$ cat query-v8.tsv   # TSV, C-alpha atoms
chain	number	residue	atom	x	y	z
A	1	MET	CA	-9.29	-9.31	23.07
A	2	ILE	CA	-6.32	-8.50	20.93
A	3	LEU	CA	-5.15	-4.94	20.39
A	4	ILE	CA	-3.33	-3.96	17.21
A	5	ILE	CA	-1.70	-0.53	17.10
A	6	GLY	CA	0.51	1.24	14.60
A	7	GLY	CA	0.81	4.34	12.45
A	8	PHE	CA	-1.39	5.31	9.54
A	9	ALA	CA	-0.97	3.15	6.40
A	10	GLN	CA	1.20	0.52	8.08
A	11	GLY	CA	-0.84	-2.47	6.90
A	12	LYS	CA	-2.54	-3.29	10.21
A	13	LEU	CA	-5.71	-4.81	8.75
A	14	HIS	CA	-3.60	-6.71	6.24
A	15	TYR	CA	-1.51	-8.01	9.12
A	16	VAL	CA	-4.60	-9.19	11.00
A	17	GLU	CA	-5.88	-10.82	7.84
A	18	GLN	CA	-2.61	-12.73	7.42
A	19	HIS	CA	-2.01	-13.74	11.00
A	20	TYR	CA	-5.38	-14.16	12.64
A	21	VAL	CA	-7.86	-15.08	9.95
A	22	GLN	CA	-7.76	-18.22	7.88
A	23	ARG	CA	-8.81	-17.87	4.30
A	24	GLU	CA	-11.90	-20.03	4.84
A	25	ASP	CA	-12.97	-17.84	7.78
A	26	ARG	CA	-12.99	-14.63	5.85
A	27	GLN	CA	-16.57	-14.77	4.81
A	28	GLU	CA	-17.64	-15.11	8.41
A	29	VAL	CA	-15.63	-12.50	10.31
A	30	PRO	CA	-17.29	-9.10	10.28
A	31	VAL	CA	-15.00	-6.10	10.03
A	32	LEU	CA	-16.49	-2.95	11.52
A	33	ASP	CA	-15.04	0.28	10.20
A	34	GLY	CA	-14.90	3.03	12.81
A	35	THR	CA	-18.03	1.78	14.54
A	36	LEU	CA	-19.01	-0.72	17.24
A	37	ARG	CA	-22.44	-1.36	15.80
A	38	LEU	CA	-22.55	-4.98	14.72
A	39	ALA	CA	-25.50	-5.39	12.39
A	40	SER	CA	-26.66	-8.93	11.66
A	41	ASP	CA	-25.72	-8.42	8.02
A	42	SER	CA	-22.30	-6.84	8.64
A	43	LYS	CA	-20.27	-7.72	5.59
A	44	ILE	CA	-16.57	-8.21	5.72
A	45	THR	CA	-14.61	-5.56	3.95
A	46	TRP	CA	-11.25	-6.98	2.99
A	47	ALA	CA	-10.27	-3.74	1.40
A	48	THR	CA	-6.58	-4.53	1.66
A	49	GLU	CA	-6.85	-7.53	-0.68
A	50	SER	CA	-5.10	-5.65	-3.49
A	51	ALA	CA	-2.24	-4.72	-1.19
A	52	VAL	CA	-1.55	-8.40	-0.56
A	53	GLU	CA	0.22	-8.91	-3.85
A	54	THR	CA	3.96	-8.66	-3.48
A	55	MET	CA	6.68	-7.59	-5.80
A	56	PRO	CA	7.15	-9.56	-9.04
A	57	GLY	CA	8.24	-13.15	-8.70
A	58	LYS	CA	7.47	-13.56	-5.03
A	59	GLN	CA	4.62	-15.25	-3.23
A	60	THR	CA	2.86	-13.64	-0.32
A	61	GLU	CA	3.42	-15.17	3.05
A	62	GLN	CA	0.57	-17.54	3.81
A	63	PRO	CA	-1.53	-16.99	6.92
A	64	THR	CA	-0.27	-18.87	9.92
A	65	GLY	CA	-2.29	-21.99	10.54
A	66	ARG	CA	-5.01	-21.64	13.10
A	67	GLN	CA	-7.29	-24.53	13.69
A	68	THR	CA	-9.72	-23.12	16.22
A	69	ALA	CA	-12.48	-20.60	15.76
A	70	GLY	CA	-11.01	-17.20	15.01
A	71	PRO	CA	-11.92	-13.72	16.11
A	72	GLN	CA	-15.63	-13.02	16.44
A	73	VAL	CA	-15.33	-9.56	15.09
A	74	ILE	CA	-12.64	-7.13	13.98
A	75	VAL	CA	-12.93	-3.42	14.62
A	76	ASN	CA	-10.83	-1.35	12.24
A	77	HIS	CA	-10.06	2.37	12.70
A	78	LEU	CA	-11.01	2.44	16.37
A	79	HIS	CA	-9.52	5.96	16.60
A	80	ARG	CA	-12.24	7.22	14.27
A	81	TYR	CA	-14.87	5.81	16.58
A	82	ILE	CA	-13.23	7.54	19.54
A	83	ARG	CA	-13.11	10.86	17.69
A	84	GLU	CA	-16.75	10.60	16.63
A	85	GLN	CA	-17.91	9.81	20.16
A	86	LEU	CA	-15.93	12.74	21.55
A	87	ARG	CA	-17.61	15.01	19.01
A	88	GLN	CA	-21.00	13.76	20.08
A	89	GLY	CA	-20.13	14.20	23.73
A	90	THR	CA	-20.48	10.52	24.66
A	91	ASP	CA	-17.95	8.41	26.51
A	92	PRO	CA	-16.06	6.16	24.10
A	93	GLU	CA	-14.13	4.41	26.85
A	94	ALA	CA	-17.22	2.91	28.48
A	95	MET	CA	-18.70	1.91	25.11
A	96	ILE	CA	-15.50	0.17	24.07
A	97	ALA	CA	-15.29	-1.63	27.42
A	98	ASN	CA	-18.86	-2.85	26.99
A	99	PHE	CA	-18.03	-3.99	23.49
A	100	TYR	CA	-15.10	-6.19	24.37
A	101	LYS	CA	-16.96	-7.64	27.33
A	102	GLU	CA	-19.71	-8.65	24.94
A	103	TYR	CA	-17.19	-9.89	22.32
A	104	PRO	CA	-14.18	-11.13	24.29
A	105	ASP	CA	-12.69	-12.68	21.15
A	106	CYS	CA	-12.52	-9.43	19.25
A	107	ILE	CA	-9.58	-7.75	17.56
A	108	LEU	CA	-9.38	-3.98	17.94
A	109	ILE	CA	-7.23	-2.05	15.46
A	110	CYS	CA	-6.28	1.53	16.25
A	111	ASP	CA	-3.92	4.10	14.74
A	112	GLU	CA	-1.04	5.46	16.76
A	113	ILE	CA	-1.83	9.20	16.68
A	114	GLY	CA	0.24	10.52	19.57
A	115	ASN	CA	3.73	10.74	18.10
A	116	GLY	CA	3.55	14.25	16.73
A	117	ILE	CA	3.58	17.81	17.98
A	118	VAL	CA	0.90	18.48	20.59
A	119	PRO	CA	-1.72	20.35	18.56
A	120	MET	CA	-2.86	23.92	19.27
A	121	GLU	CA	-6.58	23.12	19.07
A	122	ALA	CA	-8.15	21.88	22.29
A	123	GLU	CA	-10.32	19.34	20.47
A	124	GLU	CA	-7.30	17.79	18.77
A	125	ARG	CA	-5.43	17.64	22.07
A	126	THR	CA	-8.36	15.98	23.81
A	127	TYR	CA	-8.67	13.46	20.97
A	128	ARG	CA	-5.03	12.41	21.31
A	129	GLU	CA	-5.04	12.38	25.08
A	130	CYS	CA	-8.26	10.39	25.22
A	131	THR	CA	-7.14	7.90	22.55
A	132	GLY	CA	-3.87	7.39	24.37
A	133	ARG	CA	-5.58	6.74	27.70
A	134	ILE	CA	-8.05	4.34	26.11
A	135	LEU	CA	-5.24	2.42	24.41
A	136	GLU	CA	-3.41	2.21	27.71
A	137	GLY	CA	-6.49	0.68	29.34
A	138	LEU	CA	-7.16	-1.67	26.44
A	139	ALA	CA	-3.53	-2.81	26.41
A	140	ALA	CA	-3.78	-3.64	30.11
A	141	GLN	CA	-6.85	-5.78	29.49
A	142	ALA	CA	-5.72	-7.33	26.20
A	143	ASP	CA	-4.56	-10.93	25.86
A	144	GLU	CA	-2.07	-9.69	23.30
A	145	VAL	CA	-0.87	-6.32	21.98
A	146	VAL	CA	0.88	-6.07	18.62
A	147	ARG	CA	2.55	-2.97	17.20
A	148	VAL	CA	2.66	-2.97	13.39
A	149	VAL	CA	5.41	-1.08	11.53
A	150	CYS	CA	5.91	-1.51	7.77
A	151	GLY	CA	3.48	-4.41	7.87
A	152	ILE	CA	5.61	-6.22	10.46
A	153	GLY	CA	4.04	-7.05	13.80
A	154	GLN	CA	5.98	-6.83	17.04
A	155	LYS	CA	4.19	-8.49	19.90
A	156	ILE	CA	4.74	-6.02	22.74
A	157	LYS	CA	2.45	-7.88	25.13
B	1	MET	CA	20.75	-8.67	0.76
B	2	MET	CA	18.20	-5.91	1.00
B	3	ILE	CA	17.93	-3.97	4.26
B	4	LEU	CA	15.19	-1.49	5.13
B	5	ILE	CA	16.00	1.10	7.79
B	6	LEU	CA	13.17	3.13	9.30
B	7	GLY	CA	13.29	6.02	11.71
B	8	GLY	CA	11.85	9.40	12.60
B	9	SER	CA	13.40	12.75	11.78
B	10	GLY	CA	16.78	13.08	13.49
B	11	SER	CA	16.66	9.52	14.79
B	12	GLY	CA	20.18	8.65	13.64
B	13	LYS	CA	18.93	6.37	10.88
B	14	SER	CA	21.35	7.82	8.30
B	15	ALA	CA	24.43	7.25	10.43
B	16	TYR	CA	23.29	3.74	11.22
B	17	ALA	CA	22.60	3.02	7.54
B	18	GLU	CA	26.08	4.22	6.55
B	19	ASP	CA	27.76	2.12	9.21
B	20	TYR	CA	25.71	-0.83	8.11
B	21	LEU	CA	26.82	-0.41	4.51
B	22	LEU	CA	30.48	0.07	5.42
B	23	ARG	CA	30.32	-3.07	7.55
B	24	THR	CA	28.83	-5.20	4.80
B	25	ALA	CA	30.23	-3.73	1.56
B	26	GLY	CA	33.48	-5.72	1.56
B	27	ASP	CA	35.57	-4.78	-1.49
B	28	LYS	CA	32.63	-3.63	-3.57
B	29	LYS	CA	32.34	-0.13	-4.87
B	30	LYS	CA	30.11	1.96	-2.61
B	31	TYR	CA	27.36	4.19	-3.97
B	32	TYR	CA	25.15	6.70	-2.25
B	33	ILE	CA	21.92	7.38	-4.11
B	34	ALA	CA	20.67	10.78	-2.99
B	35	THR	CA	16.99	11.43	-3.66
B	36	MET	CA	16.53	14.87	-2.14
B	37	GLN	CA	15.73	17.73	-4.46
B	38	ILE	CA	17.34	20.92	-3.26
B	39	TRP	CA	14.99	23.89	-3.22
B	40	ASP	CA	16.37	26.14	-0.52
B	41	GLU	CA	19.20	26.81	1.94
B	42	GLU	CA	17.75	24.58	4.62
B	43	MET	CA	17.82	21.61	2.27
B	44	GLN	CA	21.29	22.53	1.09
B	45	ALA	CA	22.47	22.60	4.72
B	46	LYS	CA	21.00	19.14	5.28
B	47	VAL	CA	22.72	17.80	2.18
B	48	ASP	CA	26.02	19.43	3.21
B	49	ARG	CA	25.79	17.81	6.62
B	50	HIS	CA	25.27	14.39	5.05
B	51	HIS	CA	28.17	15.04	2.65
B	52	ARG	CA	30.46	15.80	5.59
B	53	LEU	CA	29.34	12.63	7.36
B	54	ARG	CA	30.17	10.56	4.31
B	55	GLN	CA	33.53	12.22	3.63
B	56	GLY	CA	36.47	9.86	3.49
B	57	LYS	CA	34.23	6.81	3.51
B	58	GLY	CA	34.66	6.18	-0.21
B	59	PHE	CA	31.11	6.75	-1.42
B	60	THR	CA	30.32	7.74	-4.98
B	61	THR	CA	27.21	9.92	-4.92
B	62	ILE	CA	24.50	9.56	-7.54
B	63	GLU	CA	21.83	12.28	-7.48
B	64	GLN	CA	18.59	10.57	-8.41
B	65	PRO	CA	15.50	12.49	-7.27
B	66	THR	CA	13.17	10.42	-9.51
B	67	ALA	CA	13.40	7.42	-11.86
B	68	LEU	CA	15.46	5.22	-9.58
B	69	GLU	CA	16.16	2.66	-12.31
B	70	GLN	CA	18.43	5.18	-14.06
B	71	ALA	CA	20.87	5.04	-11.19
B	72	ALA	CA	21.63	1.40	-11.94
B	73	SER	CA	23.22	2.23	-15.31
B	74	GLN	CA	25.74	4.48	-13.55
B	75	MET	CA	26.92	1.73	-11.25
B	76	GLU	CA	29.44	-1.07	-11.53
B	77	PRO	CA	27.77	-4.47	-11.77
B	78	GLU	CA	28.83	-5.47	-8.26
B	79	ALA	CA	27.90	-2.59	-6.02
B	80	ALA	CA	27.12	-1.81	-2.42
B	81	VAL	CA	24.35	0.77	-2.39
B	82	LEU	CA	22.83	3.11	0.16
B	83	LEU	CA	19.57	4.73	-0.97
B	84	GLU	CA	18.48	7.78	1.01
B	85	CYS	CA	15.68	8.27	1.35
B	86	MET	CA	12.43	6.68	0.30
B	87	SER	CA	10.24	9.49	1.65
B	88	ASN	CA	11.92	12.02	-0.65
B	89	LEU	CA	11.79	9.69	-3.62
B	90	ALA	CA	8.07	9.09	-3.12
B	91	ALA	CA	7.39	12.83	-2.77
B	92	ASN	CA	9.40	13.57	-5.92
B	93	GLU	CA	7.64	10.85	-7.91
B	94	MET	CA	4.25	12.12	-6.80
B	95	PHE	CA	4.66	15.90	-6.85
B	96	SER	CA	7.36	16.78	-9.42
B	97	ARG	CA	4.89	17.25	-12.27
B	98	GLU	CA	2.20	19.82	-12.81
B	99	GLN	CA	-0.45	17.43	-11.48
B	100	PRO	CA	0.19	14.97	-8.67
B	101	VAL	CA	0.79	11.44	-9.97
B	102	ASP	CA	-1.70	8.91	-8.58
B	103	ARG	CA	-0.73	6.70	-5.71
B	104	GLU	CA	-0.72	3.32	-7.46
B	105	THR	CA	1.50	4.64	-10.25
B	106	VAL	CA	3.96	6.05	-7.73
B	107	ILE	CA	4.07	2.75	-5.82
B	108	ALA	CA	4.59	0.70	-8.99
B	109	LYS	CA	7.26	3.07	-10.32
B	110	ILE	CA	9.28	2.94	-7.11
B	111	LEU	CA	9.05	-0.83	-6.75
B	112	GLN	CA	10.11	-1.34	-10.36
B	113	GLY	CA	13.08	0.95	-9.76
B	114	ILE	CA	14.05	-1.09	-6.71
B	115	GLU	CA	13.82	-4.31	-8.72
B	116	VAL	CA	16.26	-2.92	-11.29
B	117	LEU	CA	18.65	-1.70	-8.59
B	118	ARG	CA	18.63	-5.03	-6.81
B	119	LYS	CA	20.15	-6.72	-9.85
B	120	ARG	CA	23.36	-4.78	-9.22
B	121	ALA	CA	23.20	-3.79	-5.60
B	122	ASP	CA	24.17	-6.21	-2.89
B	123	PRO	CA	23.76	-5.10	-0.22
B	124	LEU	CA	21.04	-2.58	-0.99
B	125	VAL	CA	20.40	-0.47	2.10
B	126	ILE	CA	17.23	1.64	1.92
B	127	VAL	CA	16.50	4.44	4.38
B	128	THR	CA	12.87	5.38	4.93
B	129	ASN	CA	11.01	7.69	7.22
B	130	ASN	CA	8.40	7.18	9.92
B	131	VAL	CA	5.82	9.87	9.16
B	132	PHE	CA	2.76	7.86	10.12
B	133	GLU	CA	2.11	8.45	13.79
B	134	ASP	CA	1.09	12.07	14.31
B	135	GLY	CA	-2.67	11.62	13.84
B	136	ILE	CA	-3.01	14.79	11.78
B	137	ALA	CA	-5.90	14.94	9.30
B	138	TYR	CA	-3.91	16.18	6.31
B	139	ASP	CA	-5.31	17.35	2.98
B	140	SER	CA	-6.09	14.61	0.48
B	141	ALA	CA	-2.88	15.03	-1.55
B	142	THR	CA	-0.76	14.57	1.56
B	143	ILE	CA	-2.84	11.57	2.66
B	144	GLU	CA	-2.27	10.03	-0.78
B	145	TYR	CA	1.45	10.58	-0.35
B	146	ILE	CA	1.57	9.09	3.15
B	147	GLU	CA	-0.41	6.07	1.96
B	148	ALA	CA	1.94	5.60	-0.99
B	149	LEU	CA	4.96	5.70	1.30
B	150	GLY	CA	3.26	3.34	3.76
B	151	ARG	CA	2.51	0.80	1.03
B	152	VAL	CA	6.02	1.06	-0.40
B	153	ASN	CA	7.49	0.50	3.06
B	154	GLU	CA	5.22	-2.48	3.61
B	155	ARG	CA	6.13	-4.09	0.30
B	156	LEU	CA	9.85	-3.44	0.80
B	157	ALA	CA	9.62	-4.95	4.28
B	158	VAL	CA	8.15	-8.14	2.80
B	159	GLU	CA	11.10	-8.36	0.41
B	160	ALA	CA	13.82	-7.22	2.80
B	161	ASP	CA	16.13	-9.66	4.53
B	162	GLU	CA	16.31	-7.30	7.45
B	163	VAL	CA	14.17	-4.42	8.72
B	164	VAL	CA	15.61	-2.14	11.41
B	165	GLU	CA	13.86	0.68	13.25
B	166	VAL	CA	16.24	3.29	14.66
B	167	VAL	CA	15.08	5.12	17.80
B	168	ALA	CA	17.36	7.78	19.33
B	169	GLY	CA	20.27	6.24	17.44
B	170	ILE	CA	19.53	2.78	18.82
B	171	PRO	CA	18.73	0.14	16.20
B	172	GLN	CA	15.91	-2.29	16.87
B	173	ARG	CA	15.78	-5.17	14.48
B	174	ILE	CA	12.15	-5.98	13.72
B	175	LYS	CA	12.82	-8.47	10.93
B	176	PRO	CA	13.80	-11.18	11.35
B	177	GLY	CA	12.31	-10.86	14.82
B	178	SER	CA	13.35	-12.84	17.83
B	179	PRO	CA	11.06	-15.85	18.45
B	180	GLY	CA	9.50	-14.25	21.50
B	181	ALA	CA	8.72	-11.03	19.68
B	182	LYS	CA	6.67	-12.64	16.97
B	183	ALA	CA	2.90	-12.56	17.15
B	184	GLN	CA	1.57	-15.98	17.97
B	185	ASN	CA	-1.39	-17.50	16.27
B	186	TRP	CA	-4.85	-17.17	17.70
B	187	GLN	CA	-4.89	-20.46	19.56
B	188	ASP	CA	-1.65	-19.72	21.41
B	189	SER	CA	-2.63	-16.22	22.32
B	190	ARG	CA	-6.02	-17.30	23.62
B	191	GLY	CA	-4.31	-19.94	25.80
$ encode --input "query-v8.tsv" --output "structure tokens"
Amino acid sequence: MILIIGGFAQGKLHYVEQHYVQREDRQEVPVLDGTLRLASDSKITWATESAVETMPGKQTEQPTGRQTAGPQVIVNHLHRYIREQLRQGTDPEAMIANFYKEYPDCILICDEIGNGIVPMEAEERTYRECTGRILEGLAAQADEVVRVVCGIGQKIK
Amino acid sequence: MMILILGGSGSGKSAYAEDYLLRTAGDKKKYYIATMQIWDEEMQAKVDRHHRLRQGKGFTTIEQPTALEQAASQMEPEAAVLLECMSNLAANEMFSREQPVDRETVIAKILQGIEVLRKRADPLVIVTNNVFEDGIAYDSATIEYIEALGRVNERLAVEADEVVEVVAGIPQRIKPGSPGAKAQNWQDSRG
């Protein structure tokens, strides 16, 4: 399991696309958006394709060569899943743990949401606290943790 | 050379960016492109503080809250330029008219402006802001703005020779990264 964290709109999915998925693989890697439900017909959603183009006159960096089978599944916006589960009163931590045990070659992408003022509303506080704790646990279990800032990945584990 | 400097509010990114420019400008004429629009006393105080910091360092200030490309015509051909800051520029480009300008237009406008500046500016030091990590569900106009700034930062980082994140006044160079800091490919990471 690989954990990708970073702020909103930092190009995390784009980063994963460039560094972990070969172009030929794209059709086969499902990207789940804020859910852990992997339907048999889960289509990939390379929504960031348009963001790939660079400024005039420059070519985009090509994905790094990877010869072996890639990630089984990519989960984008994991924080939304966590929030939704909290709203429904279920335990996101256990569900996520089950998920990566079932798909050990998954990539989980989650927003950093904790670097702001602690919110007044209890629900917002719980959401941040819970997301932070889950990320801590995931990072401990992950084979690799990458923090993405301005589209640049720093491997912090 | 193009250098992107990122940091939170009060992180010391401005001071670092100035030092960086002074270190690398050589004999070139130094310009400070100020993008902040002044609406109230608080903003004026912020601008005054930055003015004091720059005093005696030989900067010529160009006030350019929108339309970055216009700044280039006011500069000597060989210039060392500090642009501060991208978050204000993006806000001004998006919200200075009666209706907010759409995100893609704002992104394109800013990147075109940078392209024009780069023809004259070497080094071009760009200060930008980390406003992406508070997890707040903002209204749609603010989300559009944050996404625009995020995309601009990402595209500038691709182009930049160096990207530095300043935390508590301490610069961390994230591009080019050290070999150990770079994400490995799947095979390596899976062992």
$ residues_around --input "query-v8.tsv" --residues "segment 109-112 of chain B" --least-positions-apart "5" --cutoff "10 Å" --atoms "all atoms listed in the file" --output "list in words"
Thr54, Met55 and Pro56 of chain A; Thr66, Ala67, Leu68, Glu69, Met86, Leu89, Ala90, Glu93, Arg103, Glu104, Leu117, Arg118, Ala148, Leu149, Val152, Arg155 and Leu156 of chain B
$ atom_distance --input "query-v8.tsv" --atom1 "atom CA of Cys130 of chain A" --atom2 "atom CA of Gly153 of chain A"
24.2 Å
$ atom_distance --input "query-v8.tsv" --atom1 "atom CA of Val75 of chain A" --atom2 "atom CA of Pro30 of chain A"
8.4 Å
$ axis_aligned_box --input "query-v8.tsv" --around "segment 75-94 of chain A" --padding-each-side "8 Å" --output "AutoDock Vina command-line options"
--center_x -15.3 --center_y 5.8 --center_z 20.4 --size_x 27.5 --size_y 34.4 --size_z 32.2
$ closest_residue --input "query-v8.tsv" --among "B:Glu115, B:Glu63, B:Glu165, B:Glu147" --to "Gln37 of chain B" --atoms "all atoms listed in the file"
B:Glu63
$ atom_distance --input "query-v8.tsv" --atom1 "atom CA of Pro123 of chain B" --atom2 "atom CA of Ala157 of chain B"
14.8 Å
$ residues_around --input "query-v8.tsv" --residues "Gly58 of chain B" --least-positions-apart "3" --cutoff "8 Å" --atoms "all atoms listed in the file" --output "PDB file with C-alpha atoms, in the coordinates of the input"
ATOM      1  CA  LYS B  30      30.110   1.960  -2.610  1.00  0.00           C
ATOM      2  CA  ARG B  54      30.170  10.560   4.310  1.00  0.00           C
ATOM      3  CA  GLN B  55      33.530  12.220   3.630  1.00  0.00           C
TER       4      GLN B  55
END
$ residues_around --input "query-v8.tsv" --residues "segment 20-28 of chain B" --least-positions-apart "5" --cutoff "8 Å" --atoms "only C-alpha atoms" --output "ChimeraX atom specification"
/B:57,78-82,122-123,125
$ interface_residues --input "query-v8.tsv" --of "chain A" --to "chain B" --cutoff "7 Å" --atoms "all atoms listed in the file" --output "VMD selection string"
chain A and resid 7 to 11 19 to 20 54 64 66 68 70 112 to 116 143 to 144 146 150 to 151 153 to 155
$ residues_around --input "query-v8.tsv" --residues "Gln72 of chain A" --least-positions-apart "6" --cutoff "9 Å" --atoms "only C-alpha atoms" --output "list in words"
Glu28, Val29, Pro30, Tyr103, Pro104, Asp105, Cys106 and Ile107 of chain A
$ closest_residue --input "query-v8.tsv" --among "A:Glu129, A:Gln88, A:Ile82, A:Ile109" --to "Val148 of chain A" --atoms "only C-alpha atoms"
A:Ile109
$ residues_around --input "query-v8.tsv" --residues "Asn76 of chain A" --least-positions-apart "2" --cutoff "12 Å" --atoms "all atoms listed in the file" --output "count of residues only"
37
